[in-house]
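A.B. asks: This is query_14.csv (CSV, C-alpha atoms).
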chain,number,residue,atom,x,y,z
Z,1,MET,CA,-28.2,2.5,3.3
Z,2,ASN,CA,-25.1,0.3,3.4
Z,3,PHE,CA,-23.5,0.1,0.0
Z,4,LYS,CA,-20.2,-1.5,1.0
Z,5,GLY,CA,-18.1,-2.4,-2.0
Z,6,THR,CA,-19.7,0.0,-4.4
Z,7,LEU,CA,-18.1,3.1,-3.0
Z,8,PRO,CA,-15.0,3.0,-5.4
Z,9,THR,CA,-17.4,2.7,-8.4
Z,10,LEU,CA,-19.4,5.7,-7.1
Z,11,ILE,CA,-16.3,7.7,-6.7
Z,12,LEU,CA,-15.1,6.9,-10.2
Z,13,GLU,CA,-18.5,8.0,-11.5
Z,14,ALA,CA,-18.4,11.2,-9.6
Z,15,LEU,CA,-15.0,11.9,-11.2
Z,16,ARG,CA,-16.1,11.0,-14.7
Z,17,HIS,CA,-16.8,14.5,-15.9
Z,18,GLU,CA,-14.3,16.7,-14.0
Z,19,PRO,CA,-11.6,16.5,-11.4
Z,20,THR,CA,-12.8,17.4,-7.9
Z,21,HIS,CA,-11.9,17.1,-4.2
Z,22,GLY,CA,-13.2,14.7,-1.6
Z,23,TYR,CA,-15.9,16.9,0.0
Z,24,ARG,CA,-17.5,17.5,-3.4
Z,25,ILE,CA,-17.4,13.8,-4.3
Z,26,ALA,CA,-19.2,13.0,-1.0
Z,27,GLN,CA,-21.8,15.7,-1.6
Z,28,GLN,CA,-22.3,14.5,-5.2
Z,29,ILE,CA,-23.0,10.9,-4.2
Z,30,LYS,CA,-25.5,12.0,-1.5
Z,31,GLU,CA,-27.3,14.5,-3.8
Z,32,ARG,CA,-27.4,12.2,-6.8
Z,33,SER,CA,-28.8,9.4,-4.7
Z,34,ARG,CA,-31.3,11.8,-3.1
Z,35,GLY,CA,-29.8,11.0,0.3
Z,36,VAL,CA,-30.4,7.3,0.1
Z,37,LEU,CA,-26.7,6.5,-0.1
Z,38,ASP,CA,-25.4,8.0,3.1
Z,39,PHE,CA,-21.9,7.1,4.3
Z,40,LYS,CA,-19.4,8.2,6.8
Z,41,GLU,CA,-17.2,10.7,5.0
Z,42,GLY,CA,-14.0,9.6,6.9
Z,43,THR,CA,-14.1,6.4,4.8
Z,44,LEU,CA,-14.1,8.2,1.5
Z,45,TYR,CA,-10.5,9.2,1.6
Z,46,PRO,CA,-9.0,5.7,2.2
Z,47,ALA,CA,-11.1,4.6,-0.8
Z,48,LEU,CA,-9.7,7.5,-2.8
Z,49,HIS,CA,-6.1,6.6,-1.8
Z,50,LYS,CA,-6.7,3.0,-2.7
Z,51,LEU,CA,-8.0,4.0,-6.2
Z,52,GLU,CA,-4.9,6.1,-6.5
Z,53,ASN,CA,-2.6,3.2,-5.5
Z,54,GLU,CA,-4.3,1.2,-8.2
Z,55,GLY,CA,-3.7,3.9,-10.8
Z,56,LEU,CA,-7.4,4.5,-11.4
Z,57,VAL,CA,-7.3,8.1,-10.2
Z,58,LYS,CA,-4.5,10.7,-9.9
Z,59,SER,CA,-4.3,13.6,-7.5
Z,60,HIS,CA,-2.7,17.0,-7.3
Z,61,ASN,CA,-2.7,19.8,-4.7
Z,62,SER,CA,-4.6,23.0,-5.5
Z,63,VAL,CA,-6.1,25.9,-3.6
Z,64,GLU,CA,-9.9,26.7,-3.5
Z,65,ASN,CA,-11.1,29.8,-1.7
Z,66,GLY,CA,-7.7,30.1,0.0
Z,67,ARG,CA,-8.0,26.6,1.3
Z,68,PRO,CA,-5.5,23.9,0.2
Z,69,ARG,CA,-7.3,21.1,-1.5
Z,70,ARG,CA,-6.3,17.8,-3.0
Z,71,TYR,CA,-8.0,17.3,-6.4
Z,72,TYR,CA,-8.6,13.9,-7.9
Z,73,ARG,CA,-9.1,13.0,-11.5
Z,74,ILE,CA,-10.0,9.8,-13.2
Z,75,THR,CA,-7.3,8.1,-15.4
Z,76,GLU,CA,-7.8,6.1,-18.6
Z,77,SER,CA,-7.6,2.8,-16.6
Z,78,GLY,CA,-10.1,4.3,-14.2
Z,79,ARG,CA,-12.6,4.9,-17.1
Z,80,LYS,CA,-12.1,1.3,-18.2
Z,81,ALA,CA,-12.7,0.0,-14.7
Z,82,LEU,CA,-15.8,2.2,-14.4
Z,83,SER,CA,-17.4,0.9,-17.6
Z,84,LYS,CA,-16.6,-2.7,-16.5
Z,85,ASP,CA,-18.2,-2.0,-13.1
Z,86,ARG,CA,-21.2,-0.4,-14.7
Z,87,ALA,CA,-21.8,-3.5,-16.9
Z,88,HIS,CA,-21.3,-5.8,-13.9
Z,89,TRP,CA,-23.7,-3.7,-11.8
Z,90,ARG,CA,-26.4,-3.9,-14.6
Z,91,GLU,CA,-26.1,-7.6,-14.7
Z,92,VAL,CA,-26.4,-8.0,-10.9
Z,93,SER,CA,-29.2,-5.6,-10.5
Z,94,GLN,CA,-31.2,-7.2,-13.3
Z,95,ALA,CA,-30.7,-10.6,-11.7
Z,96,VAL,CA,-31.9,-9.3,-8.3
Z,97,THR,CA,-34.9,-7.6,-9.9
Z,98,VAL,CA,-35.9,-10.9,-11.6
Z,99,ILE,CA,-35.6,-12.8,-8.4
Z,100,LEU,CA,-37.5,-10.3,-6.3
Z,101,GLY,CA,-40.1,-9.9,-9.0
Z,102,GLU,CA,-40.8,-13.7,-8.8
Z,103,ALA,CA,-41.4,-13.5,-5.1
B,1,MET,CA,-7.8,20.1,22.1
B,2,THR,CA,-10.7,20.4,19.6
B,3,ARG,CA,-13.0,17.6,18.6
B,4,LEU,CA,-11.3,17.6,15.2
B,5,ASP,CA,-7.9,17.1,16.8
B,6,VAL,CA,-9.2,14.2,18.8
B,7,TRP,CA,-10.6,12.6,15.7
B,8,LEU,CA,-7.4,13.2,13.7
B,9,ASN,CA,-5.2,11.8,16.5
B,10,GLU,CA,-7.1,8.6,16.5
B,11,ALA,CA,-7.4,8.4,12.7
B,12,THR,CA,-3.7,9.0,12.1
B,13,ARG,CA,-2.5,6.6,14.8
B,14,ARG,CA,0.6,4.5,13.7
B,15,LEU,CA,0.7,6.2,10.2
B,16,SER,CA,4.0,7.5,8.9
B,17,ARG,CA,4.7,11.3,9.4
B,18,ASP,CA,4.0,12.0,5.7
B,19,SER,CA,0.8,9.9,5.6
B,20,ALA,CA,-0.5,11.6,8.7
B,21,ALA,CA,0.2,15.0,7.4
B,22,GLN,CA,-1.6,14.2,4.2
B,23,VAL,CA,-4.6,12.8,6.1
B,24,ARG,CA,-4.7,15.9,8.4
B,25,ALA,CA,-4.6,18.4,5.5
B,26,GLU,CA,-7.4,16.6,3.6
B,27,ILE,CA,-9.7,16.0,6.6
B,28,GLN,CA,-9.1,19.5,7.9
B,29,ALA,CA,-10.3,21.0,4.5
B,30,HIS,CA,-13.2,18.6,4.4
B,31,TYR,CA,-14.3,19.4,8.0
B,32,GLU,CA,-14.1,23.1,7.3
B,33,SER,CA,-16.4,22.8,4.2
B,34,ALA,CA,-18.8,20.6,6.1
B,35,ARG,CA,-18.9,23.1,9.0
B,36,GLU,CA,-19.4,26.0,6.7
B,37,ALA,CA,-22.3,24.2,5.0
B,38,ALA,CA,-23.9,23.4,8.3
B,39,MET,CA,-23.6,27.0,9.5
B,40,SER,CA,-25.0,28.4,6.2
B,41,GLY,CA,-27.9,26.0,6.8
B,42,GLY,CA,-28.6,27.8,10.1
B,43,ALA,CA,-26.7,25.7,12.6
B,44,ARG,CA,-24.9,27.3,15.5
B,45,ALA,CA,-21.1,27.0,15.6
B,46,ASP,CA,-21.0,24.3,18.2
B,47,ASP,CA,-23.8,22.3,16.4
B,48,ALA,CA,-22.1,22.7,13.1
B,49,ASP,CA,-18.8,21.4,14.6
B,50,GLN,CA,-20.6,18.4,16.0
B,51,GLN,CA,-22.4,17.7,12.7
B,52,ALA,CA,-19.1,17.9,10.7
B,53,ILE,CA,-17.4,15.5,13.1
B,54,ALA,CA,-20.3,13.1,13.2
B,55,ALA,CA,-20.4,13.0,9.3
B,56,LEU,CA,-16.7,11.8,9.4
B,57,GLY,CA,-17.8,8.7,11.3
B,58,ASP,CA,-15.7,6.6,13.6
B,59,ALA,CA,-12.1,7.6,13.7
B,60,ARG,CA,-10.9,4.0,14.6
B,61,THR,CA,-12.6,2.6,11.5
B,62,ALA,CA,-11.0,5.3,9.4
B,63,ASN,CA,-7.6,4.6,11.0
B,64,CYS,CA,-8.0,0.9,10.2
B,65,GLN,CA,-8.8,1.7,6.5
B,66,TYR,CA,-6.0,4.3,6.3
B,67,ARG,CA,-3.4,1.8,7.5
B,68,LYS,CA,-4.4,-0.5,4.6
B,69,VAL,CA,-3.7,2.1,2.0
B,70,LEU,CA,-1.1,4.6,3.4
B,71,LEU,CA,2.3,3.9,4.7
B,72,THR,CA,2.5,3.2,8.4
B,73,ALA,CA,5.4,4.4,10.6
B,74,SER,CA,7.0,0.9,10.7
B,75,GLU,CA,6.8,0.6,6.9
B,76,ALA,CA,8.3,4.0,6.4
B,77,ARG,CA,11.1,3.0,8.8
B,78,ILE,CA,11.9,-0.2,6.8
B,79,LEU,CA,11.9,1.8,3.5
B,80,HIS,CA,14.2,4.4,5.0
B,81,GLN,CA,16.6,1.7,6.4
B,82,GLY,CA,16.6,-0.1,3.0
B,83,ASN,CA,17.5,3.1,1.2
B,84,TRP,CA,20.3,3.7,3.6
B,85,GLU,CA,21.7,0.2,3.1
B,86,ALA,CA,21.5,0.5,-0.7
B,87,ARG,CA,23.3,3.9,-0.7
B,88,ALA,CA,26.0,2.6,1.7
B,89,ILE,CA,26.7,-0.4,-0.7
B,90,CYS,CA,26.3,1.4,-4.0
B,91,SER,CA,28.5,4.3,-3.1
B,92,ARG,CA,31.5,2.1,-2.4
B,93,VAL,CA,32.8,0.4,-5.5
B,94,TRP,CA,35.1,-2.0,-3.6
B,95,LEU,CA,32.3,-3.1,-1.4
B,96,LYS,CA,30.0,-3.6,-4.4
B,97,ARG,CA,32.7,-5.7,-6.2
B,98,THR,CA,33.4,-7.8,-3.1
B,99,LEU,CA,29.8,-8.5,-2.5
B,100,LEU,CA,29.4,-9.6,-6.2
B,101,ALA,CA,32.6,-11.7,-6.0
B,102,LEU,CA,31.6,-13.5,-2.7
B,103,PRO,CA,28.7,-15.7,-4.1
B,104,LEU,CA,30.6,-16.4,-7.3
B,105,ALA,CA,33.7,-17.5,-5.3
B,106,ALA,CA,31.5,-19.7,-3.0
B,107,LEU,CA,29.9,-21.4,-6.0
B,108,ILE,CA,33.2,-22.0,-7.7
B,109,VAL,CA,34.8,-23.5,-4.5
B,110,ALA,CA,31.6,-25.6,-4.0
B,111,THR,CA,32.0,-27.1,-7.5
B,112,VAL,CA,35.7,-27.8,-6.8
B,113,PHE,CA,34.9,-29.6,-3.5
B,114,PHE,CA,32.0,-31.5,-5.2
B,115,LEU,CA,34.3,-32.7,-8.0
B,116,ARG,CA,36.8,-33.8,-5.4
B,117,GLY,CA,34.1,-35.8,-3.7
B,118,SER,CA,33.8,-33.7,-0.5
B,119,LEU,CA,30.0,-33.6,-0.7
B,120,GLU,CA,29.4,-32.2,2.8
B,121,THR,CA,31.7,-29.2,2.3
B,122,ALA,CA,30.3,-28.6,-1.2
B,123,ARG,CA,26.8,-28.6,0.2
B,124,ILE,CA,27.7,-26.0,2.9
B,125,LEU,CA,29.4,-23.8,0.3
B,126,LEU,CA,26.5,-24.1,-2.1
B,127,VAL,CA,24.1,-22.9,0.6
B,128,ALA,CA,26.5,-20.0,1.4
B,129,GLY,CA,26.8,-19.2,-2.3
B,130,LEU,CA,23.0,-19.3,-2.8
B,131,GLY,CA,22.4,-17.2,0.3
B,132,THR,CA,24.9,-14.5,-0.5
B,133,SER,CA,23.9,-14.3,-4.2
B,134,LEU,CA,20.3,-13.8,-3.1
B,135,PHE,CA,21.1,-10.9,-0.8
B,136,PHE,CA,24.2,-9.4,-2.3
B,137,ALA,CA,24.3,-10.1,-6.1
B,138,ALA,CA,20.5,-9.7,-6.8
B,139,PRO,CA,20.5,-5.9,-6.6
B,140,MET,CA,22.9,-5.8,-9.5
B,141,LEU,CA,20.6,-7.8,-11.7
B,142,PRO,CA,18.3,-6.1,-14.3
B,143,VAL,CA,15.1,-6.8,-12.3
B,144,TYR,CA,13.8,-3.3,-12.0
B,145,THR,CA,10.5,-3.6,-13.9
B,146,ALA,CA,7.2,-4.9,-12.3
B,147,SER,CA,7.1,-8.1,-14.3
B,148,ARG,CA,10.8,-9.0,-14.0
B,149,SER,CA,10.6,-8.2,-10.3
B,150,ARG,CA,7.7,-10.6,-9.9
B,151,ILE,CA,9.6,-13.4,-11.7
B,152,TYR,CA,12.7,-12.6,-9.6
B,153,ARG,CA,10.7,-12.9,-6.3
B,154,VAL,CA,9.3,-16.3,-7.3
B,155,ILE,CA,12.9,-17.5,-8.1
B,156,LYS,CA,14.1,-16.0,-4.8
B,157,TRP,CA,11.5,-18.0,-2.8
B,158,LEU,CA,12.3,-21.2,-4.7
B,159,ALA,CA,16.0,-20.5,-4.0
B,160,ILE,CA,15.3,-20.0,-0.3
B,161,ILE,CA,13.4,-23.2,-0.1
B,162,ALA,CA,16.2,-25.0,-1.9
B,163,MET,CA,18.7,-23.4,0.5
B,164,LEU,CA,16.8,-24.6,3.5
B,165,ALA,CA,16.4,-28.1,2.1
B,166,LEU,CA,20.1,-28.2,1.4
B,167,ALA,CA,21.1,-26.9,4.8
B,168,PHE,CA,18.9,-29.1,6.9
B,169,GLY,CA,18.1,-32.0,4.6
B,170,PRO,CA,15.4,-34.4,5.7
B,171,ASP,CA,15.4,-32.7,9.2
B,172,ALA,CA,14.1,-29.4,7.8
B,173,LEU,CA,10.5,-30.1,9.0
B,174,LYS,CA,11.7,-31.4,12.4
B,175,GLN,CA,13.7,-28.3,13.0
B,176,SER,CA,10.9,-25.9,11.9
B,177,TRP,CA,10.8,-24.2,15.3
B,178,LEU,CA,14.5,-23.3,14.9
B,179,LEU,CA,13.9,-22.1,11.3
B,180,ILE,CA,10.9,-20.0,12.3
B,181,SER,CA,12.7,-18.4,15.3
B,182,CYS,CA,15.8,-17.6,13.1
B,183,LEU,CA,13.9,-16.4,10.1
B,184,TRP,CA,10.9,-14.5,11.5
B,185,VAL,CA,12.7,-11.1,11.1
B,186,PHE,CA,13.3,-11.9,7.4
B,187,PHE,CA,9.6,-13.0,6.9
B,188,HIS,CA,8.4,-9.8,8.7
B,189,ILE,CA,10.5,-7.6,6.4
B,190,GLU,CA,9.2,-9.5,3.3
B,191,ARG,CA,5.6,-9.2,4.5
B,192,THR,CA,6.1,-5.5,5.1
B,193,ARG,CA,7.6,-5.0,1.7
B,194,ALA,CA,4.7,-6.8,0.1
B,195,SER,CA,2.3,-4.4,2.0
B,196,ILE,CA,4.3,-1.4,0.8
B,197,ARG,CA,4.2,-2.6,-2.8
B,198,ARG,CA,0.4,-2.6,-2.6
B,199,LYS,CA,0.4,1.0,-1.2
B,200,LEU,CA,2.8,2.6,-3.7
B,201,GLN,CA,2.5,2.9,-7.4
B,202,VAL,CA,5.2,1.0,-9.4
B,203,ALA,CA,6.6,4.3,-10.6
B,204,ASP,CA,7.3,5.3,-7.0
B,205,TRP,CA,8.9,2.1,-5.9
B,206,PRO,CA,12.4,2.4,-4.6
B,207,LYS,CA,14.9,-0.2,-5.9
B,208,GLN,CA,14.6,-2.4,-2.8
B,209,LEU,CA,10.9,-3.1,-3.5
B,210,TYR,CA,11.7,-4.8,-6.7
B,211,LEU,CA,13.7,-7.4,-4.9
Is it possible to give me this structure as structure tokens?

C.D. replies:
Amino acid sequence: MNFKGTLPTLILEALRHEPTHGYRIAQQIKERSRGVLDFKEGTLYPALHKLENEGLVKSHNSVENGRPRRYYRITESGRKALSKDRAHWREVSQAVTVILGEA
Amino acid sequence: MTRLDVWLNEATRRLSRDSAAQVRAEIQAHYESAREAAMSGGARADDADQQAIAALGDARTANCQYRKVLLTASEARILHQGNWEARAICSRVWLKRTLLALPLAALIVATVFFLRGSLETARILLVAGLGTSLFFAAPMLPVYTASRSRIYRVIKWLAIIAMLALAFGPDALKQSWLLISCLWVFFHIERTRASIRRKLQVADWPKQLYL
């Protein structure tokens, strides 16, 4: 399913509980959406870098199972942006549900 | 050359060396995890490789997105050149003082000519004073915070417009082709700097990006 525009919000949500790396973020989004939200994983990293440029996430290098990894963690402004996005999404989805319910 | 190399070559096209290295390291680790997961799910090595590459998607699309958020080779070059110029000026006190004195001298002489009634000479000197102060004196001003820098850049563009209006008068629009051909390098650098500002966090800005 195409979910263009919502990927940054989904990334922030995936980082809400603990810092993690890109591969795990991708897996988390797919698993939590039960495979409905499928996306090309090559587009995940540009979105992560954009969030980093905006100061919504921070990154650091680490090693996992002998493999160098870049870990991302959500910042305080990232949490604020996430709660704003969540409120906005609720509003939009309620409006769409109302319209589709009328049909 | 492996499938991953082909994908990475396309995805890192025209990125700066540092950006390309960052992308390579991250995608390599991602690819290996995806490949391992596919193999532990029962896929053969070649199929696992294919699946991992397919999951990454189109390399050109990724390259297009990377170039919007990471420094490109030309942006890195402009940053490097700017740093070199700043070091060259700031490391020589006499040069720094001369560059500060130039616009001031031009403005003083322009005022003198204006008071004497030589309006044409005063106008030329005023343009020279404005131009040199924008390029030479501005780096010495306390503009190195995000908000001050924004204000400075607005003033800079207003000063540039004023300078062009003073230099060309009512003919400025008629001679727009001349202006564009002379100033396109300047506009290109300004556009590139704006793009770099979006890609770097304020804390990582070198001094030239504030100007």

A.B. asks: Ranking Z:His60, Z:His17, Z:Arg67, Z:Arg90 by minimum distance to chain B and counting only C-alpha atoms, which one comes first?

C.D. replies: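 Residue with the minimum atom-to-atom distance to chain B: Z:Arg67.
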
A.B. asks: So that I can check the surroundings of range 124-129 of chain B, please list as a PyMOL selection string every protein, DNA and RNA residue that reaches within 8 Å of it, counting all atoms listed in the file and ignoring chain neighbours fewer than 3 positions away.

C.D. replies: chain B and resi 102-107+109-110+120-121+132-133+163+166-167

A.B. asks: Would you mind reading off the distance between CA of Ile196 in chain B and CA of Arg77 in chain B, one decimal, in Å?

C.D. replies: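 So the answer is 11.4 Å.
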
A.B. asks: What residues in chain B have any atom no more than 6 Å from chain Z when counting all atoms listed in the file, and can you write them as a ChimeraX atom specification?

C.D. replies: /B:30,55-57,62,65-66,69,199-201

A.B. asks: What gap, in Å, lies between CA of Leu8 in chain B and CA of Arg24 in chain B?

C.D. replies: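 Interatomic distance, CA of Leu8 in chain B to CA of Arg24 in chain B: 6.5 Å.
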
A.B. asks: Kindly give the distance, in Å, that separates CA of Leu15 in chain Z and CA of Arg17 in chain B, rounded to a single decimal.

C.D. replies: 28.5 Å

A.B. asks: If we count only C-alpha atoms, what is near Asn65 in chain Z at a cut-off of 12 Å, once residues fewer than 5 positions away on the same chain are taken out, given as a PyMOL selection string?

C.D. replies: chain B and resi 29+32-33
